[in-house]
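**Q** Please find one structure pasted underneath; my questions will follow.
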Amino acid sequence: MRNRIMELIRVRASTDENVLFLTGDLGFSVVEPLQEALGERFINMGIAEANMLSASASLAACGFKPYVYSIAPFVTVRCLEQIRNDVAYQKRAVRIIGVGAGFSYGSLGPSHHSLEDATLMAALPGMMVFNPANVAELDRVFSLANDDPRPAYFRIARESGSKDAAPDFGLQDAVYQLRSGSDVTLVSSGVSVAECLVAAARLEEAGIGARVLSVPVIQPFPAAAFARLAGSAPIVTVFEGYRGNPLSLGVMETLLGGGMACRFLDLCAPHEFAQVVGNTEALRQRAGIDAQTIARKVESFVRWDQPARRLG
C-alpha cells in the first residue's frame, strides 16, 4: 500500500499544483518516483518530525495541500503536540500518512511498532482516521479525503492486504461485508481484515459460519451503517492495536446505544510493549491476533454460546 499511496499523490499533484509532499528523511526506494514527479514540491524535512508537522500546518494555512509521510510512531507519537495544536486545533487540512501500522515493522522492536496511533489520532477533535485493509479501500478513502477541510490520518500497513474489491462507500457508510455467515460476525479494520478472512475459512471447516465486515473509516465511526449490518449473531471485533481503539469503541457504543442484545468479544493486542524480538507474524501470534488464534478464540466463544441459546 506504500507504493499505491505514492502513486495516488503523484496523480493528484499532476492536476493540482498546490499538492506538496513532506517526508522525515524516510521512504527511500519508495518515494523516488514521487520526488521526480513533484520536483521542488517534494520536501525532505530531515529527522525533525515535530517541525515537519508545524510546517505542514502553516503551508495548509497558505492554501497548499500537504501530505506528510513517515513511519507511524514517528509521525504520531513523536509529534503529538504539534498535531494537536498546529493541525487539529487550527483545523488545517493536513494529510498525515503513518506507514507500518501495528506490528508491520516487527523485528525493529517497540520503537517502530504502532499500536496506540489510531487511538491518539481519533482522540483529536476533527481528525479523520482511515485504516484501509487493501489497495481498493485505500483508493476510496484517499478520494474521500481530497476535498474535505478536516485533517486526516492514513494508517497504512507495509503489506498489500487482501485483493478483494471494495464498494463505493462514503464517510457515513464506510462498513461493508466481505464474507457471509450466520453464526458470528467478525468486524475488523486495516491489516486484521486479511487475518479475519483466513480465520473465517478455518471456522467454516469447524462448522461455524463467520461473516466478515470491514470498516476502513474508524473516525468518525460509521455507527448508523454498522447498526444496519450488525444483525443478532455474536460480534467479535479484531484490531491490531491496544484495547480502547476507535474500532472497538465504535462498535461497543453502537451496540450499547442501540440496545442490541448480542454477545460481544474484543480481540486486540495486549496492553504492553513486546518483550521479544520477532517478525510481524510471530508478534501477531504472540498477541493473539493472527488468523489461527482468532479462529480458536472465536470458536470457543461461539460454542460456549450455543447451549445457552438452545436452552433460552
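FYI, nothing fancy with the C-alpha cells labels: chains A, B, ... in order, residues from 1 per chain, ligands from 1 as they appear.
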Quick one: residues within 12 Å of stretch 268-280 of chain A, only C-alpha atoms, excluding same-chain residues fewer than 5 positions away - as a ChimeraX atom specification?
**A** /A:100-116,157-159,187-189,191-192,236-249,285-290,293-294,297
**Q** Would you give me, as a ChimeraX atom specification, the residues in stretch 25-116 of chain A that DSSP reads as helix (DSSP H, G or I)?
**A** /A:32-41,49-61,72-75,80-88,106-108
**Q** Give one line per residue of stretch 53-155 of chain A that approaches stretch 193-215 of chain A to at most 9 Å, naming the two atoms of the closest pair and their distance in Å to one decimal, counting only C-alpha atoms; sort by chain then ascending residue number and deliver it as a tab-separated table.
**A**
residue	atom	partner	partner_atom	distance
A:Asn131	CA	A:Val215	CA	7.8
A:Pro132	CA	A:Val215	CA	8.0
A:Ala133	CA	A:Val193	CA	6.1
A:Asn134	CA	A:Ala194	CA	8.8
**Q** Show which residues sit within 9 Å of A:Glu49, as a ChimeraX atom specification. Count only C-alpha atoms, and ignore same-chain residues fewer than 5 positions away.
**A** /A:23-24,54,70,74-76,78-79
**Q** Using the selection just defined, write its residues with C-alpha atoms as a JSON list (two decimals), in the first residue's frame.
**A**
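The resulting file, part10.json, is shown below:
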[["chain", "number", "residue", "atom", "x", "y", "z"],
["A", 23, "THR", "CA", 8.92, 13.39, 4.48],
["A", 24, "GLY", "CA", 11.10, 13.00, 7.55],
["A", 54, "SER", "CA", 4.17, 22.52, 12.27],
["A", 70, "SER", "CA", 6.86, 8.80, 7.92],
["A", 74, "PHE", "CA", 7.44, 8.87, 14.25],
["A", 75, "VAL", "CA", 4.63, 10.87, 12.65],
["A", 76, "THR", "CA", 2.15, 10.48, 15.54],
["A", 78, "ARG", "CA", 6.84, 11.83, 18.39],
["A", 79, "CYS", "CA", 4.98, 14.98, 17.33]]
**Q** Of the candidates A:Val184, A:Ala13, A:Ala61, A:Met128, which one gets nearest to A:Gly231 if we count only C-alpha atoms?
**A** A:Val184
**Q** Let's see if you can do this: from backbone DSSP, list all strand (DSSP E) residues in stretch 33-93 of chain A, as a PyMOL selection string.
**A** chain A and resi 42-44+65-71
**Q** Can you work out the spacing between atom CA of A:Ala136 and atom CA of A:Gly161 in Å, to one decimal?
**A**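 Between atom CA of A:Ala136 and atom CA of A:Gly161 the gap is 9.5 Å.
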**Q** Nearest residue to A:Lys163 out of A:Met45, A:Leu229, A:Met1, A:Glu81, using only C-alpha atoms?
**A**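 The answer is A:Met1, which sits nearest to A:Lys163.
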**Q** Skip A:Pro151 itself and residues of its chain fewer than 5 positions away, then list as a PyMOL selection string all residues within 8 Å of it, counting only C-alpha atoms.
**A** chain A and resi 87-88+91-96+126-128
